[in-house]
Each structure stands twice: as C-alpha cells, then as structure tokens.
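Chemist: If it helps, the file is called run-v6.cif and holds mmCIF, C-alpha atoms:
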```cif
data_my_file
loop_
_atom_site.label_atom_id
_atom_site.label_comp_id
_atom_site.auth_asym_id
_atom_site.auth_seq_id
_atom_site.Cartn_x
_atom_site.Cartn_y
_atom_site.Cartn_z
CA MET A 1 65.64 57.30 130.99
CA PRO A 2 63.92 59.08 133.92
CA GLU A 3 62.23 57.02 136.62
CA VAL A 4 58.57 57.82 137.29
CA VAL A 5 55.45 56.55 139.01
CA GLY A 6 51.91 56.83 137.65
CA VAL A 7 49.38 58.50 139.96
CA ARG A 8 45.63 58.90 139.53
CA PHE A 9 43.46 61.36 141.47
CA ARG A 10 39.98 60.16 140.53
CA ARG A 11 38.54 56.76 139.74
CA ALA A 12 38.85 56.23 135.97
CA GLY A 13 40.79 59.50 135.80
CA LYS A 14 43.92 60.22 133.80
CA VAL A 15 47.24 58.84 134.99
CA TYR A 16 49.97 61.43 135.58
CA TYR A 17 53.69 60.79 135.93
CA PHE A 18 55.59 61.99 139.00
CA ASN A 19 59.17 61.82 140.18
CA PRO A 20 59.33 59.25 143.03
CA GLY A 21 62.60 60.63 144.36
CA THR A 22 64.07 58.02 146.71
CA LEU A 23 60.72 56.27 147.29
CA GLU A 24 60.01 52.74 146.04
CA LEU A 25 56.28 52.76 145.37
CA LYS A 26 53.85 50.03 144.37
CA SER A 27 50.43 50.07 142.77
CA GLY A 28 47.68 50.71 145.34
CA GLN A 29 49.72 52.92 147.65
CA GLU A 30 48.34 56.38 148.43
CA VAL A 31 50.68 59.35 148.20
CA ILE A 32 50.91 63.12 148.58
CA VAL A 33 52.31 64.79 145.46
CA GLU A 34 53.18 68.26 144.23
CA THR A 35 50.92 69.58 141.45
CA SER A 36 50.30 72.92 139.75
CA ARG A 37 47.36 73.34 142.18
CA GLY A 38 49.45 72.62 145.26
CA LEU A 39 49.65 69.41 147.29
CA GLU A 40 47.26 66.68 146.19
CA TYR A 41 46.27 63.23 147.41
CA GLY A 42 46.42 60.42 144.85
CA GLU A 43 46.72 56.68 144.31
CA VAL A 44 49.71 54.99 142.70
CA VAL A 45 48.53 52.89 139.74
CA GLN A 46 51.97 52.30 138.19
CA GLY A 47 54.99 51.59 140.38
CA ASN A 48 58.53 52.82 139.74
CA LYS A 49 59.48 52.42 136.10
CA ASP A 50 61.68 54.02 133.47
CA VAL A 51 60.05 55.88 130.57
CA LYS A 52 61.28 57.77 127.54
CA SER A 53 61.78 61.49 128.01
CA GLU A 54 59.26 62.32 125.25
CA GLU A 55 56.51 60.59 127.27
CA ILE A 56 56.90 63.09 130.11
CA VAL A 57 55.12 66.43 130.37
CA SER A 58 57.55 68.86 131.97
CA PRO A 59 58.04 69.83 134.69
CA LEU A 60 58.07 66.39 136.35
CA ARG A 61 56.83 67.08 139.86
CA LEU A 62 57.79 65.24 143.03
CA VAL A 63 56.06 62.68 145.21
CA ARG A 64 56.36 64.22 148.65
CA ARG A 65 55.55 61.19 150.79
CA VAL A 66 53.44 58.12 151.29
CA ALA A 67 50.11 59.16 152.81
CA ALA A 68 49.97 58.96 156.62
CA ASN A 69 47.06 58.73 159.06
CA SER A 70 46.96 62.52 159.39
CA ASP A 71 46.58 62.77 155.60
CA TYR A 72 43.64 60.34 155.66
CA GLN A 73 42.01 62.47 158.33
CA GLN A 74 42.49 65.66 156.33
CA LEU A 75 41.06 63.96 153.22
CA ALA A 76 37.96 62.95 155.19
CA GLU A 77 37.58 66.51 156.51
CA ASN A 78 37.86 67.84 152.94
CA LYS A 79 35.08 65.49 151.81
CA GLN A 80 32.78 66.80 154.54
CA ARG A 81 33.65 70.39 153.65
CA GLU A 82 32.81 69.65 150.02
CA ILE A 83 29.33 68.44 151.04
CA ASP A 84 28.76 71.65 152.99
CA ALA A 85 30.14 73.75 150.11
CA VAL A 86 27.63 72.22 147.67
CA GLN A 87 24.70 73.41 149.81
CA ILE A 88 26.16 76.87 150.28
CA CYS A 89 26.98 77.33 146.59
CA GLN A 90 23.54 76.15 145.48
CA LYS A 91 21.88 78.74 147.72
CA LYS A 92 24.10 81.45 146.23
CA ILE A 93 23.24 80.33 142.68
CA ASP A 94 19.53 80.49 143.50
CA LYS A 95 20.01 83.91 145.09
CA HIS A 96 21.60 85.35 141.93
CA GLY A 97 19.16 83.52 139.63
CA LEU A 98 21.92 82.03 137.49
CA GLU A 99 21.07 79.53 134.74
CA MET A 100 23.65 76.94 135.76
CA LYS A 101 23.63 73.48 137.30
CA LEU A 102 26.12 72.74 140.07
CA VAL A 103 27.64 69.28 139.51
CA ASP A 104 30.42 68.84 142.05
CA VAL A 105 32.72 70.65 144.45
CA GLU A 106 36.37 69.78 145.01
CA TYR A 107 38.78 71.04 147.63
CA THR A 108 42.46 70.81 146.82
CA PHE A 109 44.17 68.68 149.44
CA ASP A 110 45.90 71.63 151.07
CA ARG A 111 42.64 73.66 150.94
CA ASN A 112 44.27 76.50 149.01
CA LYS A 113 41.49 76.40 146.42
CA ILE A 114 37.90 75.23 145.98
CA ILE A 115 36.76 74.23 142.50
CA PHE A 116 33.05 74.34 141.65
CA TYR A 117 32.11 72.29 138.58
CA PHE A 118 28.94 73.25 136.73
CA THR A 119 27.09 72.82 133.45
CA ALA A 120 25.20 75.50 131.55
CA ASP A 121 23.70 75.94 128.11
CA GLY A 122 25.71 79.08 127.44
CA ARG A 123 28.06 81.55 129.04
CA VAL A 124 27.29 82.55 132.62
CA ASP A 125 28.29 85.80 134.31
CA PHE A 126 29.23 84.48 137.73
CA ARG A 127 31.45 87.33 138.93
CA GLU A 128 29.10 88.27 141.77
CA LEU A 129 28.77 84.62 142.71
CA VAL A 130 32.56 84.30 143.01
CA LYS A 131 32.68 87.33 145.29
CA ASP A 132 30.02 85.84 147.55
CA LEU A 133 31.76 82.46 147.69
CA ALA A 134 35.15 84.05 148.41
CA GLY A 135 33.57 85.95 151.31
CA VAL A 136 32.23 82.71 152.79
CA PHE A 137 35.18 80.35 152.27
CA ARG A 138 38.04 82.90 152.38
CA THR A 139 40.19 80.98 149.92
CA ARG A 140 40.75 80.92 146.17
CA ILE A 141 37.59 80.15 144.21
CA GLU A 142 37.42 78.60 140.74
CA LEU A 143 34.22 77.97 138.79
CA ARG A 144 34.78 75.52 135.95
CA GLN A 145 32.19 74.84 133.27
CA ILE A 146 32.15 71.22 132.06
CA GLY A 147 30.27 69.25 129.42
CA VAL A 148 27.50 66.71 129.94
CA ARG A 149 29.87 63.78 129.34
CA ASP A 150 32.18 65.06 132.08
CA GLU A 151 29.15 65.42 134.33
CA ALA A 152 28.24 61.76 133.82
CA LYS A 153 31.85 60.74 134.51
CA MET A 154 31.85 62.63 137.80
CA LEU A 155 28.44 61.55 139.07
CA GLY A 156 28.44 57.96 137.77
CA GLY A 157 25.35 55.80 137.39
CA LEU A 158 24.07 52.74 135.55
CA GLY A 159 24.01 52.39 131.79
CA PRO A 160 21.29 50.67 129.70
CA CYS A 161 23.28 47.44 130.08
CA GLY A 162 22.78 47.51 133.85
CA ARG A 163 26.45 48.04 134.63
CA GLY A 164 28.28 51.10 135.92
CA LEU A 165 28.97 53.78 133.34
CA CYS A 166 32.13 53.09 131.34
CA CYS A 167 33.28 56.69 131.73
CA SER A 168 33.07 56.57 135.52
CA THR A 169 34.54 53.08 136.00
CA PHE A 170 37.43 52.56 133.58
CA LEU A 171 37.51 54.94 130.58
CA LYS A 172 40.32 57.46 131.01
CA ASP A 173 39.47 59.62 128.00
CA PHE A 174 36.46 60.27 125.81
CA GLY A 175 36.98 59.00 122.27
CA PRO A 176 35.05 60.29 119.26
CA VAL A 177 31.74 58.47 118.66
CA SER A 178 29.69 58.88 115.47
CA ILE A 179 26.31 57.75 114.19
CA ARG A 180 28.17 55.86 111.44
CA MET A 181 29.50 53.49 114.11
CA ALA A 182 25.93 52.53 114.99
CA LYS A 183 25.02 52.10 111.32
CA ASN A 184 28.00 49.85 110.67
CA GLN A 185 26.87 47.55 113.50
CA ASN A 186 23.28 47.36 112.21
CA LEU A 187 21.99 48.96 115.40
CA SER A 188 18.71 50.77 115.72
CA LEU A 189 19.22 54.48 115.10
CA ASN A 190 16.59 55.34 117.72
CA PRO A 191 18.30 58.03 119.87
CA ALA A 192 16.78 56.52 123.03
CA LYS A 193 18.59 53.23 122.37
CA ILE A 194 22.03 54.47 121.36
CA SER A 195 22.39 57.44 123.75
CA GLY A 196 23.83 57.31 127.25
CA ILE A 197 22.45 59.06 130.32
CA CYS A 198 24.49 62.11 129.30
CA GLY A 199 22.34 62.41 126.16
CA ARG A 200 25.30 61.80 123.86
CA LEU A 201 26.04 58.69 121.80
CA MET A 202 27.16 55.84 124.06
CA CYS A 203 30.93 55.39 124.36
CA CYS A 204 30.55 51.61 123.94
CA LEU A 205 29.57 52.09 120.28
CA ARG A 206 33.31 52.30 119.63
CA TYR A 207 34.27 48.98 121.19
CA GLU A 208 33.33 46.62 118.36
CA VAL A 209 33.71 48.92 115.37
CA GLU A 210 37.05 47.44 114.32
CA HIS A 211 35.61 43.90 114.44
CA TYR A 212 32.69 44.88 112.21
CA GLU A 213 34.92 46.72 109.74
CA ASN A 214 37.25 43.72 109.43
CA SER A 215 34.39 41.22 109.22
CA ARG A 216 32.46 43.12 106.56
CA GLU A 217 35.10 42.26 103.96
CA LYS A 218 34.42 38.53 104.47
CA PHE A 219 30.63 38.80 104.17
CA PRO A 220 28.53 39.05 101.01
CA THR A 221 26.70 42.34 100.56
CA LEU A 222 22.97 42.74 101.19
CA GLY A 223 20.97 41.76 98.10
CA GLU A 224 23.80 39.68 96.65
CA GLN A 225 22.99 36.29 95.09
CA VAL A 226 24.87 33.47 96.84
CA VAL A 227 25.05 29.69 96.67
CA THR A 228 23.94 27.79 99.79
CA PRO A 229 23.63 24.06 100.62
CA HIS A 230 19.92 24.47 99.72
CA GLY A 231 20.52 26.23 96.43
CA GLU A 232 20.85 29.84 95.33
CA GLY A 233 19.31 32.70 97.24
CA LYS A 234 19.56 36.42 98.05
CA VAL A 235 21.24 37.82 101.16
CA VAL A 236 18.77 39.72 103.35
CA ASN A 237 20.74 40.03 106.59
CA ARG A 238 24.21 39.44 108.08
CA ASN A 239 25.15 38.72 111.69
CA MET A 240 28.83 39.49 112.13
CA VAL A 241 28.88 38.37 115.75
CA SER A 242 27.50 34.85 115.17
CA LYS A 243 29.07 34.80 111.67
CA THR A 244 25.83 33.80 109.97
CA VAL A 245 24.01 34.98 106.85
CA LEU A 246 20.22 35.11 106.41
CA VAL A 247 19.29 34.12 102.87
CA LYS A 248 15.93 34.42 101.11
CA MET A 249 15.41 31.22 99.14
CA PRO A 250 13.60 31.12 95.78
CA GLU A 251 10.04 29.99 95.13
CA ASN A 252 8.73 31.46 98.41
CA THR A 253 10.41 28.78 100.53
CA GLY A 254 11.19 31.38 103.18
CA GLN A 255 14.40 32.64 104.74
CA VAL A 256 17.14 30.39 106.05
CA GLU A 257 20.15 31.28 108.21
CA PHE A 258 23.45 29.68 107.20
CA PRO A 259 26.93 29.78 108.76
CA LEU A 260 29.21 32.05 106.78
CA ASP A 261 31.56 29.20 105.84
CA GLU A 262 28.67 27.40 104.08
CA ILE A 263 27.99 30.35 101.78
CA GLU A 264 29.63 30.66 98.38
CA GLN A 265 29.70 34.03 96.71
CA GLN A 266 29.20 34.02 92.98
CA PRO A 267 32.11 35.48 91.01
CA ALA A 268 31.40 38.87 89.50
CA GLU A 269 30.58 38.75 85.82
CA LYS A 270 33.28 40.18 83.58
CA ASP A 271 32.35 42.62 80.91
CA HIS A 272 33.03 41.17 77.46
CA PRO A 273 34.33 43.53 74.77
CA ALA A 274 31.84 44.29 72.02
CA ARG A 275 32.37 42.26 68.86
#
```
Give the structure from the file, written as structure tokens.
Modeler:
Amino acid sequence: MPEVVGVRFRRAGKVYYFNPGTLELKSGQEVIVETSRGLEYGEVVQGNKDVKSEEIVSPLRLVRRVAANSDYQQLAENKQREIDAVQICQKKIDKHGLEMKLVDVEYTFDRNKIIFYFTADGRVDFRELVKDLAGVFRTRIELRQIGVRDEAKMLGGLGPCGRGLCCSTFLKDFGPVSIRMAKNQNLSLNPAKISGICGRLMCCLRYEVEHYENSREKFPTLGEQVVTPHGEGKVVNRNMVSKTVLVKMPENTGQVEFPLDEIEQQPAEKDHPAR
C-alpha cells in the first residue's frame, strides 16, 4: 500500500493525500506541496500512513519540503497582496457595472495565478474585467463563481446558536439538507429559524436526524390512545430528546407528561372475519 500524508489548505477544507517522499511528517507541520495549480502552502493533518490504492486520486503529488522561514514570509506577503487585490478588483467591477459580488481573492503560493471568487444571480460576462486585471497584476487570472454556502464557508461568522459556523470551523463537505429533516424533528418551519446566514437550510439539521428516525419507532403516534399510570389518554406530543410523552387525560383533567417507559401502547385491534 502507498504511503501518504493528509494535507489541508484551508481551515475546515478538504484533506488531500500527498506523497511524503523521504519525509516523516506529523500533524500540525506546515509544508510546501506540488499541486495542479503549482506550489502550495498547506498544513499536515494526517501524518505518514499507508492507504489502499483505491483511496488515492492519481496522480499522487509530492511534498516538496517542510515550510521554512522564507516560506512564512512569502505567505505573509501573499496575504497582503490579496488585500490589495480585493480593492483593485472591486473598483474594476464597479467600473464595468457588473452584477457580481466579490467574495475573496487567493494568490497561489508561487504567485503564478490569482483566483477571484464571486457570487452572482446569473451568468456574468467578465471578459473585459479579466483583461483589465491581467494588465494590472501581469499573471494568470481566474474568476470563479461560487454558491452562497461556499461564500459563508469562506467568510465565516456566527450562527443562531452563537457559535462559529459549522461550515467554516469543521465541516469538510456540504451534505444534503431537506425540509423533511426539520419536520421529523418537530422544528418550526419558519424560514428565519431554520435557515443559516447563507439563506439556505442550516447544515446542523442533519446532525440528529438519525436519532429521531430511530427513536420514532419506539414512540406512540400522535393521537394514539395509551395507558399511563394515571389511566388512559391520548398522545398530543412527543419529546424524543428527553424521551417523554405528553398525554391528554380524559374528563378535562389536563395534559400530563410521562417518561416513555411508563407508557403502554394498546395492542392494535384485529379484524374478525364476518360470521
């Protein structure tokens, strides 16, 4: 099995495998690696390990070296250049009157290319913009349109929970999220409460779906008649986190919450054949 190391280029970004060559690398070390874009600066998140060949995307590129002081200096210079490039690009966008929002600018480590990330509602004819930018920076220019979820991942921020956005802190990939997930968890379907700052359904709606799906089989259904320590009643609500059932008791005695293990479901009546 080939030996690889896992390297990440952005916080919460994807992990890519590289050939360590003769280097023994540990998690947390910073390295310079070969990529399809040229030399790039990344962080080792998985030290030397053997993996199956089918887990590798060919060609497996090489780790050139452990990052040195000169590399740190070049990275810092690139960051400053990116800040300047944002201002220049925004002025050019305004000049051409383009309906696009500039999100981020990224220099490749070796400065062979500048990538401008933007969002837009539709297609944008930015050919003249590329010509202007190439004349200013005198290097390869790439304009890449991204979605609103990718924008949130790049910019970061705080979610409704008060913590950093999942996508910008630890989520490597965006999984599918549906309104059914919110329904299955008895959440309010108010878009303002189940949408993230990107305007899409919150990624965290996926986290507890499996628990709710497994728990639902153990709970009585809404409206079902059940036997409780206080007598028979009708199920009006279920809390699958606290494992309790809210039951409406007969004769207007109100609603009482019982632990699930104190509830007895009545057996379904069997149909008797006609005589």
Chemist: So that each row is one residue of segment 28-71 of chain A with an atom at most 8 Å from segment 107-118 of chain A, can you give its shortest atom pair and the distance in Å to one decimal, using all atoms listed in the file, rows by chain and rising number, as a Markdown table?
Modeler:
```
| residue | atom | partner | partner_atom | distance |
| --- | --- | --- | --- | --- |
| A:Arg37 | CA | A:Thr108 | CA | 7.2 |
| A:Gly38 | CA | A:Asp110 | CA | 6.9 |
| A:Leu39 | CA | A:Asp110 | CA | 5.8 |
| A:Glu40 | CA | A:Phe109 | CA | 4.9 |
| A:Tyr41 | CA | A:Phe109 | CA | 6.2 |
```
Chemist: If I put a ball of radius 6 Å at (33.7, 36.3, 113.1) in the file's coordinates, which residues poke into it when counting only C-alpha atoms, written as a PyMOL selection string?
Modeler: chain A and resi 240-241+243
Chemist: Of the candidates A:Arg149, A:Lys218, A:Lys92, A:Arg64, which one gets nearest to Ala134 of chain A if we count all atoms listed in the file?
Modeler: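 Closest residue, counting all atoms listed in the file: A:Lys92.
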Chemist: Work out how far atom CA of Met154 of chain A is from atom CA of Pro176 of chain A, in Å to one decimal.
Modeler: 19.0 Å
Chemist: Check which residues satisfy the PyMOL selection byres ((chain A and resi 198) around 10) in the file shown, then give them as a list in words.
Modeler: Gly147, Val148, Arg149, Asp150, Glu151, Ala152, Lys153, Ser195, Gly196, Ile197, Gly199, Arg200, Leu201 and Met202 of chain A
Chemist: Dump C-alpha atoms for the selected residues as a PDB file, in the frame of the given file?
Modeler:
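Final output, out28.pdb:
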```
ATOM      1  CA  GLY A 147      30.270  69.250 129.420  1.00  0.00           C
ATOM      2  CA  VAL A 148      27.500  66.710 129.940  1.00  0.00           C
ATOM      3  CA  ARG A 149      29.870  63.780 129.340  1.00  0.00           C
ATOM      4  CA  ASP A 150      32.180  65.060 132.080  1.00  0.00           C
ATOM      5  CA  GLU A 151      29.150  65.420 134.330  1.00  0.00           C
ATOM      6  CA  ALA A 152      28.240  61.760 133.820  1.00  0.00           C
ATOM      7  CA  LYS A 153      31.850  60.740 134.510  1.00  0.00           C
ATOM      8  CA  SER A 195      22.390  57.440 123.750  1.00  0.00           C
ATOM      9  CA  GLY A 196      23.830  57.310 127.250  1.00  0.00           C
ATOM     10  CA  ILE A 197      22.450  59.060 130.320  1.00  0.00           C
ATOM     11  CA  GLY A 199      22.340  62.410 126.160  1.00  0.00           C
ATOM     12  CA  ARG A 200      25.300  61.800 123.860  1.00  0.00           C
ATOM     13  CA  LEU A 201      26.040  58.690 121.800  1.00  0.00           C
ATOM     14  CA  MET A 202      27.160  55.840 124.060  1.00  0.00           C
TER      15      MET A 202
END
```
Chemist: For atom CA of Arg8 of chain A and atom CA of Ser168 of chain A, quote the distance in Å rounded to one decimal.
Modeler: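 Separation of atom CA of Arg8 of chain A and atom CA of Ser168 of chain A: 13.4 Å.
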